[in-house]
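*Asks:* Pasting in a structure now, in structure tokens, and then I'll have a few things to ask.
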Protein chains: 2
Amino acid sequence: MAKEIERKYLVKGDAWRKLAQGVHYRQGYLNSAKERTVRIRTVGEKAVITVKGPTIGVTRMEFEYSIPFSDCVTMLEKLAEQPIIEKTRYKIPMGSFTWEIDEFFGVNAGLIVAEIELPSEDTPFEKPDWIGEEVSGDPRYFNSNLVAHPFSTWGK
Amino acid sequence: MAKEIERKYLVKGDAWRKLAQGVHYRQGYLNSAKERTVRIRTVGEKAVITVKGPTIGVTRMEFEYSIPFSDCVTMLEKLAEQPIIEKTRYKIPMGSFTWEIDEFFGVNAGLIVAEIELPSEDTPFEKPDWIGEEVSGDPRYFNSNLVAHPFSTWGK
């Protein structure tokens with residue numbers, strides 16, 4: 001079990017693209033309730049199932065287990081809430097931490113967000129020029145909410 | 001991934017008790033929707049997470065993975081839908097098959113059901129004297145429904 005503290009930002013411009021190679025993710029939810037989420041995800045050629053507790057401040061409980069890739073694909077196609085999320089993740093090390101930039105496709109095309117995982121809620125960290133507005137507390141940006149309310153439908 | 005075909009019956013009398021040693025189960029749900037269930041369960045000293053698809057006839061998709069026992073206990077206490085289910089399971093081999101008898105405790109005390117897993121929907125099998133009424137198609141007896149609607153509240 002791990003506790004994660006994450007801060008999330010919108011991304012400006014394209015300067016970040018040359019800093020990392022992207023890896024393709026396909027992910028879906030077996031539960032997307034705010035009390036507990038169960039996510040299945042392929043990461044390149046691997047697959048995991050992840051259980052998370054409710055977000056309290058910027059902290060939540062997390063449990064993650066490896067599963068067979070073919071099981072994950074079957075569950076994504078047959079059992080997960082639809083539509084599933086497709087994105088490319090770029091990991092960019094900076095100082096002691098790593099920025100994770102997610103560029104979304106499909107029904108969430110146009111959305112690009114950056115996340116940083118921190119050891120405590122008040123840890124200082126460097127913000128590069130391509131980091132825009134903070135959206136950590138905005139539930140519209142939770143991946144679990146991008147299924148029922150994709151980016152392409154916002155403001156409609 | 002396995003497909004399971006199960007038939008479920010009420011149990012009469014106590015003659016089955018001398019046929020097996022029971023093992024204690026604690027289980028809870030991270031999702032109990034009819035479209036997909038996610039169950040976590042301790043079985044004696046072990047623990048598993050199980051994803052099941054919707055029941056179609058008496059058949060459903062099932063995926064099961066071992067997880068650390070201590071993770072499972074934390075998830076049962078902190079994240080699962082409450083109340084969790086506590087039962088003792090007795091496995092009784094008979095012919096080519098095995099009867100699984102579940103004796104429930106806590107909010108489901110008084111409920112005892114027997115299940116048999118079969119290779120196809122029309123497979124013949126032996127029914128001992130302590131097998132009562134079939135309840136395979138009755139959703140009240142789904143373990144996932146015994147959380148929100150425990151046996152002790154039926155008919156109230």
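Residue numbers start at 1 in each chain; chains themselves are named A, B, ... in the order of the structure tokens; ligands are numbered from 1 in the order shown.
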Pick out the residues sitting within 12 Å of Leu111 (chain A), and hand them over as a PDB file with C-alpha atoms, in the first residue's frame; count only C-alpha atoms, and ignore anything fewer than 2 positions along from it in its own chain.

*Replies:*
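Dumped everything to out36.pdb:
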```
ATOM      1  CA  TYR A   9      -1.413  21.271 -13.982  1.00  0.00           C
ATOM      2  CA  LEU A  10      -2.452  22.184 -17.494  1.00  0.00           C
ATOM      3  CA  VAL A  11       0.400  22.233 -20.045  1.00  0.00           C
ATOM      4  CA  LYS A  12       1.366  25.163 -22.315  1.00  0.00           C
ATOM      5  CA  ILE A  85      -9.137   6.231 -21.941  1.00  0.00           C
ATOM      6  CA  GLU A  86      -6.238   6.279 -24.403  1.00  0.00           C
ATOM      7  CA  LYS A  87      -3.227   8.479 -23.789  1.00  0.00           C
ATOM      8  CA  THR A  88       0.529   8.764 -24.259  1.00  0.00           C
ATOM      9  CA  ILE A 101       2.661  14.527 -18.960  1.00  0.00           C
ATOM     10  CA  ASP A 102      -0.474  12.832 -20.307  1.00  0.00           C
ATOM     11  CA  GLU A 103      -1.568  13.634 -23.862  1.00  0.00           C
ATOM     12  CA  PHE A 104      -5.074  12.258 -24.378  1.00  0.00           C
ATOM     13  CA  PHE A 105      -6.657  10.864 -27.553  1.00  0.00           C
ATOM     14  CA  GLY A 106     -10.124   9.825 -28.717  1.00  0.00           C
ATOM     15  CA  VAL A 107     -12.981  11.539 -26.852  1.00  0.00           C
ATOM     16  CA  ASN A 108     -10.436  13.415 -24.696  1.00  0.00           C
ATOM     17  CA  ALA A 109      -8.240  14.667 -27.592  1.00  0.00           C
ATOM     18  CA  VAL A 113      -2.018  17.616 -18.250  1.00  0.00           C
ATOM     19  CA  ALA A 114       1.163  17.350 -16.160  1.00  0.00           C
ATOM     20  CA  ARG A 140     -13.293  17.224 -14.019  1.00  0.00           C
ATOM     21  CA  TYR A 141      -9.634  16.339 -14.583  1.00  0.00           C
ATOM     22  CA  ASN A 143      -9.095  10.284 -15.164  1.00  0.00           C
ATOM     23  CA  LEU A 146     -12.959  11.656 -18.150  1.00  0.00           C
ATOM     24  CA  PRO A 150     -14.836  13.459 -21.725  1.00  0.00           C
ATOM     25  CA  PHE A 151     -12.938  16.697 -22.480  1.00  0.00           C
ATOM     26  CA  SER A 152     -14.641  16.961 -25.919  1.00  0.00           C
ATOM     27  CA  THR A 153     -18.027  17.463 -24.184  1.00  0.00           C
ATOM     28  CA  TRP A 154     -16.986  20.183 -21.696  1.00  0.00           C
TER      29      TRP A 154
END
```

*Asks:* Could the residues of chain B that have an atom at most 10 Å from chain A be listed as JSON lines, each with its closest atom pair and the distance in Å to one decimal, counting only C-alpha atoms and ordered by chain and ascending residue number?

*Replies:*
```
{"residue": "B:Met1", "atom": "CA", "partner": "A:Asp71", "partner_atom": "CA", "distance": 6.6}
{"residue": "B:Leu30", "atom": "CA", "partner": "A:Arg36", "partner_atom": "CA", "distance": 6.9}
{"residue": "B:Asn31", "atom": "CA", "partner": "A:Asn31", "partner_atom": "CA", "distance": 6.1}
{"residue": "B:Ser32", "atom": "CA", "partner": "A:Asn31", "partner_atom": "CA", "distance": 9.3}
{"residue": "B:Ala33", "atom": "CA", "partner": "A:Asn31", "partner_atom": "CA", "distance": 8.9}
{"residue": "B:Glu35", "atom": "CA", "partner": "A:Leu79", "partner_atom": "CA", "distance": 7.4}
{"residue": "B:Arg36", "atom": "CA", "partner": "A:Leu79", "partner_atom": "CA", "distance": 6.4}
{"residue": "B:Thr37", "atom": "CA", "partner": "A:Leu30", "partner_atom": "CA", "distance": 7.8}
{"residue": "B:Val38", "atom": "CA", "partner": "A:Leu30", "partner_atom": "CA", "distance": 7.4}
{"residue": "B:Ile49", "atom": "CA", "partner": "A:Ile49", "partner_atom": "CA", "distance": 9.7}
{"residue": "B:Val51", "atom": "CA", "partner": "A:Leu30", "partner_atom": "CA", "distance": 8.4}
{"residue": "B:Lys52", "atom": "CA", "partner": "A:Leu79", "partner_atom": "CA", "distance": 8.4}
{"residue": "B:Gly53", "atom": "CA", "partner": "A:Leu79", "partner_atom": "CA", "distance": 6.2}
{"residue": "B:Pro54", "atom": "CA", "partner": "A:Leu79", "partner_atom": "CA", "distance": 8.5}
{"residue": "B:Met61", "atom": "CA", "partner": "A:Leu79", "partner_atom": "CA", "distance": 9.1}
{"residue": "B:Glu62", "atom": "CA", "partner": "A:Met75", "partner_atom": "CA", "distance": 9.7}
{"residue": "B:Phe63", "atom": "CA", "partner": "A:Asp71", "partner_atom": "CA", "distance": 7.5}
{"residue": "B:Glu64", "atom": "CA", "partner": "A:Ile67", "partner_atom": "CA", "distance": 9.3}
{"residue": "B:Tyr65", "atom": "CA", "partner": "A:Ile67", "partner_atom": "CA", "distance": 7.4}
{"residue": "B:Ser66", "atom": "CA", "partner": "A:Tyr65", "partner_atom": "CA", "distance": 9.0}
{"residue": "B:Ile67", "atom": "CA", "partner": "A:Tyr65", "partner_atom": "CA", "distance": 7.4}
{"residue": "B:Pro68", "atom": "CA", "partner": "A:Tyr65", "partner_atom": "CA", "distance": 9.6}
{"residue": "B:Ser70", "atom": "CA", "partner": "A:Met1", "partner_atom": "CA", "distance": 9.1}
{"residue": "B:Asp71", "atom": "CA", "partner": "A:Met1", "partner_atom": "CA", "distance": 6.5}
{"residue": "B:Cys72", "atom": "CA", "partner": "A:Phe63", "partner_atom": "CA", "distance": 9.6}
{"residue": "B:Thr74", "atom": "CA", "partner": "A:Met1", "partner_atom": "CA", "distance": 8.9}
{"residue": "B:Met75", "atom": "CA", "partner": "A:Gly53", "partner_atom": "CA", "distance": 8.8}
{"residue": "B:Lys78", "atom": "CA", "partner": "A:Gly53", "partner_atom": "CA", "distance": 8.2}
{"residue": "B:Leu79", "atom": "CA", "partner": "A:Gly53", "partner_atom": "CA", "distance": 6.3}
{"residue": "B:Ala80", "atom": "CA", "partner": "A:Arg36", "partner_atom": "CA", "distance": 8.0}
{"residue": "B:Glu81", "atom": "CA", "partner": "A:Glu35", "partner_atom": "CA", "distance": 9.2}
```

*Asks:* Take the residues just selected and output them with N, CA and C atoms as a PDB file, in the first residue's frame.

*Replies:*
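Result file result30.pdb:
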```pdb
ATOM      1  N   MET B   1      -8.428 -16.110 -17.568  1.00  0.00           N
ATOM      2  CA  MET B   1      -9.882 -15.923 -17.572  1.00  0.00           C
ATOM      3  C   MET B   1     -10.575 -17.281 -17.603  1.00  0.00           C
ATOM      4  N   LEU B  30     -15.494  -4.086  -3.877  1.00  0.00           N
ATOM      5  CA  LEU B  30     -15.057  -2.763  -4.319  1.00  0.00           C
ATOM      6  C   LEU B  30     -16.005  -2.269  -5.402  1.00  0.00           C
ATOM      7  N   ASN B  31     -16.806  -3.189  -5.940  1.00  0.00           N
ATOM      8  CA  ASN B  31     -17.929  -2.845  -6.820  1.00  0.00           C
ATOM      9  C   ASN B  31     -18.902  -4.017  -6.769  1.00  0.00           C
ATOM     10  N   SER B  32     -20.178  -3.720  -6.594  1.00  0.00           N
ATOM     11  CA  SER B  32     -21.169  -4.796  -6.550  1.00  0.00           C
ATOM     12  C   SER B  32     -22.273  -4.558  -7.585  1.00  0.00           C
ATOM     13  N   ALA B  33     -21.950  -3.779  -8.639  1.00  0.00           N
ATOM     14  CA  ALA B  33     -22.918  -3.524  -9.718  1.00  0.00           C
ATOM     15  C   ALA B  33     -23.186  -4.814 -10.483  1.00  0.00           C
ATOM     16  N   GLU B  35     -23.294  -5.125 -13.691  1.00  0.00           N
ATOM     17  CA  GLU B  35     -22.487  -5.149 -14.922  1.00  0.00           C
ATOM     18  C   GLU B  35     -21.086  -5.723 -14.683  1.00  0.00           C
ATOM     19  N   ARG B  36     -20.564  -5.549 -13.454  1.00  0.00           N
ATOM     20  CA  ARG B  36     -19.213  -6.020 -13.129  1.00  0.00           C
ATOM     21  C   ARG B  36     -19.055  -5.971 -11.623  1.00  0.00           C
ATOM     22  N   THR B  37     -18.494  -7.050 -11.035  1.00  0.00           N
ATOM     23  CA  THR B  37     -18.201  -6.999  -9.605  1.00  0.00           C
ATOM     24  C   THR B  37     -16.691  -7.123  -9.402  1.00  0.00           C
ATOM     25  N   VAL B  38     -16.200  -6.463  -8.349  1.00  0.00           N
ATOM     26  CA  VAL B  38     -14.805  -6.577  -7.943  1.00  0.00           C
ATOM     27  C   VAL B  38     -14.827  -6.965  -6.473  1.00  0.00           C
ATOM     28  N   ILE B  49      -8.032 -10.995  -5.260  1.00  0.00           N
ATOM     29  CA  ILE B  49      -8.970 -10.018  -5.830  1.00  0.00           C
ATOM     30  C   ILE B  49      -9.578 -10.681  -7.065  1.00  0.00           C
ATOM     31  N   VAL B  51     -12.417 -10.300 -10.337  1.00  0.00           N
ATOM     32  CA  VAL B  51     -13.278  -9.475 -11.187  1.00  0.00           C
ATOM     33  C   VAL B  51     -14.227 -10.411 -11.925  1.00  0.00           C
ATOM     34  N   LYS B  52     -15.532 -10.137 -11.867  1.00  0.00           N
ATOM     35  CA  LYS B  52     -16.497 -10.961 -12.582  1.00  0.00           C
ATOM     36  C   LYS B  52     -17.374 -10.093 -13.470  1.00  0.00           C
ATOM     37  N   GLY B  53     -17.752 -10.660 -14.614  1.00  0.00           N
ATOM     38  CA  GLY B  53     -18.667  -9.986 -15.524  1.00  0.00           C
ATOM     39  C   GLY B  53     -20.110 -10.219 -15.110  1.00  0.00           C
ATOM     40  N   PRO B  54     -21.061  -9.738 -15.920  1.00  0.00           N
ATOM     41  CA  PRO B  54     -22.477  -9.953 -15.624  1.00  0.00           C
ATOM     42  C   PRO B  54     -22.843 -11.430 -15.758  1.00  0.00           C
ATOM     43  N   MET B  61     -17.998 -14.315 -16.904  1.00  0.00           N
ATOM     44  CA  MET B  61     -16.539 -14.215 -17.009  1.00  0.00           C
ATOM     45  C   MET B  61     -15.942 -13.990 -15.630  1.00  0.00           C
ATOM     46  N   GLU B  62     -14.750 -14.556 -15.382  1.00  0.00           N
ATOM     47  CA  GLU B  62     -14.116 -14.387 -14.079  1.00  0.00           C
ATOM     48  C   GLU B  62     -12.593 -14.297 -14.218  1.00  0.00           C
ATOM     49  N   PHE B  63     -11.988 -13.340 -13.506  1.00  0.00           N
ATOM     50  CA  PHE B  63     -10.532 -13.153 -13.475  1.00  0.00           C
ATOM     51  C   PHE B  63     -10.119 -13.062 -12.013  1.00  0.00           C
ATOM     52  N   GLU B  64      -9.121 -13.861 -11.598  1.00  0.00           N
ATOM     53  CA  GLU B  64      -8.741 -13.850 -10.179  1.00  0.00           C
ATOM     54  C   GLU B  64      -7.229 -13.766 -10.016  1.00  0.00           C
ATOM     55  N   TYR B  65      -6.765 -12.922  -9.062  1.00  0.00           N
ATOM     56  CA  TYR B  65      -5.340 -12.713  -8.827  1.00  0.00           C
ATOM     57  C   TYR B  65      -5.037 -12.735  -7.331  1.00  0.00           C
ATOM     58  N   SER B  66      -3.922 -13.389  -6.947  1.00  0.00           N
ATOM     59  CA  SER B  66      -3.449 -13.364  -5.560  1.00  0.00           C
ATOM     60  C   SER B  66      -2.959 -11.966  -5.196  1.00  0.00           C
ATOM     61  N   ILE B  67      -3.231 -11.553  -3.956  1.00  0.00           N
ATOM     62  CA  ILE B  67      -2.725 -10.269  -3.463  1.00  0.00           C
ATOM     63  C   ILE B  67      -2.194 -10.496  -2.044  1.00  0.00           C
ATOM     64  N   PRO B  68      -1.378  -9.564  -1.518  1.00  0.00           N
ATOM     65  CA  PRO B  68      -0.873  -9.734  -0.147  1.00  0.00           C
ATOM     66  C   PRO B  68      -2.029  -9.704   0.873  1.00  0.00           C
ATOM     67  N   SER B  70      -2.129  -8.707   3.963  1.00  0.00           N
ATOM     68  CA  SER B  70      -2.285  -7.467   4.746  1.00  0.00           C
ATOM     69  C   SER B  70      -2.942  -6.362   3.924  1.00  0.00           C
ATOM     70  N   ASP B  71      -2.652  -6.294   2.604  1.00  0.00           N
ATOM     71  CA  ASP B  71      -3.358  -5.350   1.726  1.00  0.00           C
ATOM     72  C   ASP B  71      -4.851  -5.639   1.759  1.00  0.00           C
ATOM     73  N   CYS B  72      -5.203  -6.936   1.672  1.00  0.00           N
ATOM     74  CA  CYS B  72      -6.610  -7.321   1.603  1.00  0.00           C
ATOM     75  C   CYS B  72      -7.345  -6.900   2.873  1.00  0.00           C
ATOM     76  N   THR B  74      -6.552  -4.475   4.940  1.00  0.00           N
ATOM     77  CA  THR B  74      -6.703  -3.006   4.943  1.00  0.00           C
ATOM     78  C   THR B  74      -7.847  -2.585   4.025  1.00  0.00           C
ATOM     79  N   MET B  75      -7.909  -3.175   2.823  1.00  0.00           N
ATOM     80  CA  MET B  75      -8.981  -2.809   1.885  1.00  0.00           C
ATOM     81  C   MET B  75     -10.353  -3.224   2.425  1.00  0.00           C
ATOM     82  N   LYS B  78     -11.053  -0.594   5.219  1.00  0.00           N
ATOM     83  CA  LYS B  78     -11.060   0.845   4.901  1.00  0.00           C
ATOM     84  C   LYS B  78     -11.795   1.199   3.612  1.00  0.00           C
ATOM     85  N   LEU B  79     -11.809   0.285   2.629  1.00  0.00           N
ATOM     86  CA  LEU B  79     -12.301   0.676   1.301  1.00  0.00           C
ATOM     87  C   LEU B  79     -13.546  -0.086   0.835  1.00  0.00           C
ATOM     88  N   ALA B  80     -13.746  -1.303   1.295  1.00  0.00           N
ATOM     89  CA  ALA B  80     -14.849  -2.118   0.762  1.00  0.00           C
ATOM     90  C   ALA B  80     -16.206  -1.579   1.211  1.00  0.00           C
ATOM     91  N   GLU B  81     -17.234  -1.899   0.426  1.00  0.00           N
ATOM     92  CA  GLU B  81     -18.604  -1.606   0.844  1.00  0.00           C
ATOM     93  C   GLU B  81     -18.858  -2.335   2.168  1.00  0.00           C
TER      94      GLU B  81
END
```

*Asks:* As JSON, numbers by chain, please: every residue in chain A that a backbone DSSP assignment puts in strand (DSSP E or B).

*Replies:* {"A": [2, 3, 4, 5, 6, 7, 8, 9, 10, 11, 22, 23, 24, 25, 26, 27, 28, 29, 30, 31, 32, 37, 38, 39, 40, 41, 42, 43, 46, 47, 48, 49, 50, 51, 52, 56, 59, 60, 61, 62, 63, 64, 65, 66, 85, 86, 87, 88, 89, 90, 91, 92, 93, 94, 97, 98, 99, 100, 101, 102, 103, 104, 112, 113, 114, 115, 116, 117, 118, 131, 132, 133, 134]}

*Asks:* By how many Å are CA of Lys91 (chain B) and CA of Ile131 (chain B) apart?

*Replies:* 14.1 Å

*Asks:* Write out as a PDB file with C-alpha atoms, in the first residue's frame all residues of region 41-132 of chain B that DSSP puts in alpha helix (DSSP H) for this structure's backbone.

*Replies:*
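Once everything was written out, this is selection01.pdb:
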```pdb
ATOM      1  CA  PHE B  69      -3.003 -10.729   2.885  1.00  0.00           C
ATOM      2  CA  SER B  70      -2.285  -7.467   4.746  1.00  0.00           C
ATOM      3  CA  ASP B  71      -3.358  -5.350   1.726  1.00  0.00           C
ATOM      4  CA  CYS B  72      -6.610  -7.321   1.603  1.00  0.00           C
ATOM      5  CA  VAL B  73      -7.347  -6.762   5.307  1.00  0.00           C
ATOM      6  CA  THR B  74      -6.703  -3.006   4.943  1.00  0.00           C
ATOM      7  CA  MET B  75      -8.981  -2.809   1.885  1.00  0.00           C
ATOM      8  CA  LEU B  76     -11.729  -4.857   3.629  1.00  0.00           C
ATOM      9  CA  GLU B  77     -11.649  -2.518   6.631  1.00  0.00           C
ATOM     10  CA  LYS B  78     -11.060   0.845   4.901  1.00  0.00           C
TER      11      LYS B  78
END
```

*Asks:* Taking into account only C-alpha atoms, which residue in the set A:Ser96, A:Gly44, A:Thr50, A:Tyr90 is nearest to Lys18 (chain A)?

*Replies:*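 Looking only at the distances to Lys18 (chain A), the closest residue turns out to be A:Tyr90.
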
*Asks:* Taking 5 positions as the minimum chain separation for residues in the same chain, which residues sit within 12 Å of Phe125 (chain B) when counting only C-alpha atoms? Answer as a list in words.

*Replies:* Arg7, Pro93, Met94, Gly95, Ser96, Phe97, Thr98, Trp99, Ile116, Glu117, Leu118, Pro119 and Ser120 of chain B

*Asks:* Write out, as a PDB file, in the first residue's frame, the residues just selected, with N, CA and C atoms.

*Replies:*
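The file below, selection.pdb, is the result:
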```pdb
ATOM      1  N   ARG B   7     -24.563 -23.750  -9.986  1.00  0.00           N
ATOM      2  CA  ARG B   7     -25.944 -23.892  -9.512  1.00  0.00           C
ATOM      3  C   ARG B   7     -25.929 -23.817  -7.992  1.00  0.00           C
ATOM      4  N   PRO B  93     -16.326 -33.163  -1.747  1.00  0.00           N
ATOM      5  CA  PRO B  93     -16.239 -33.831  -3.044  1.00  0.00           C
ATOM      6  C   PRO B  93     -17.348 -34.878  -3.176  1.00  0.00           C
ATOM      7  N   MET B  94     -17.953 -34.975  -4.362  1.00  0.00           N
ATOM      8  CA  MET B  94     -19.016 -35.959  -4.600  1.00  0.00           C
ATOM      9  C   MET B  94     -18.994 -36.295  -6.091  1.00  0.00           C
ATOM     10  N   GLY B  95     -18.655 -37.564  -6.415  1.00  0.00           N
ATOM     11  CA  GLY B  95     -18.520 -37.945  -7.821  1.00  0.00           C
ATOM     12  C   GLY B  95     -17.421 -37.112  -8.467  1.00  0.00           C
ATOM     13  N   SER B  96     -17.662 -36.554  -9.665  1.00  0.00           N
ATOM     14  CA  SER B  96     -16.641 -35.757 -10.362  1.00  0.00           C
ATOM     15  C   SER B  96     -16.607 -34.311  -9.881  1.00  0.00           C
ATOM     16  N   PHE B  97     -17.558 -33.938  -9.006  1.00  0.00           N
ATOM     17  CA  PHE B  97     -17.694 -32.521  -8.663  1.00  0.00           C
ATOM     18  C   PHE B  97     -17.486 -32.280  -7.168  1.00  0.00           C
ATOM     19  N   THR B  98     -17.508 -30.993  -6.774  1.00  0.00           N
ATOM     20  CA  THR B  98     -17.348 -30.634  -5.362  1.00  0.00           C
ATOM     21  C   THR B  98     -18.469 -29.676  -4.959  1.00  0.00           C
ATOM     22  N   TRP B  99     -19.205 -30.037  -3.913  1.00  0.00           N
ATOM     23  CA  TRP B  99     -20.165 -29.104  -3.320  1.00  0.00           C
ATOM     24  C   TRP B  99     -19.429 -28.147  -2.410  1.00  0.00           C
ATOM     25  N   ILE B 116     -22.519 -25.769  -6.673  1.00  0.00           N
ATOM     26  CA  ILE B 116     -21.735 -26.740  -7.434  1.00  0.00           C
ATOM     27  C   ILE B 116     -21.347 -26.094  -8.756  1.00  0.00           C
ATOM     28  N   GLU B 117     -20.063 -26.243  -9.153  1.00  0.00           N
ATOM     29  CA  GLU B 117     -19.576 -25.665 -10.410  1.00  0.00           C
ATOM     30  C   GLU B 117     -19.531 -26.789 -11.447  1.00  0.00           C
ATOM     31  N   LEU B 118     -20.090 -26.523 -12.621  1.00  0.00           N
ATOM     32  CA  LEU B 118     -20.270 -27.574 -13.633  1.00  0.00           C
ATOM     33  C   LEU B 118     -19.628 -27.165 -14.948  1.00  0.00           C
ATOM     34  N   PRO B 119     -19.212 -28.148 -15.761  1.00  0.00           N
ATOM     35  CA  PRO B 119     -18.559 -27.825 -17.042  1.00  0.00           C
ATOM     36  C   PRO B 119     -19.527 -27.286 -18.096  1.00  0.00           C
ATOM     37  N   SER B 120     -20.821 -27.630 -18.010  1.00  0.00           N
ATOM     38  CA  SER B 120     -21.772 -27.061 -18.971  1.00  0.00           C
ATOM     39  C   SER B 120     -23.137 -26.952 -18.305  1.00  0.00           C
TER      40      SER B 120
END
```

*Asks:* What does the structure give for the distance between CA of Val43 (chain B) and CA of Arg26 (chain B), in Å to one decimal?

*Replies:* 7.1 Å
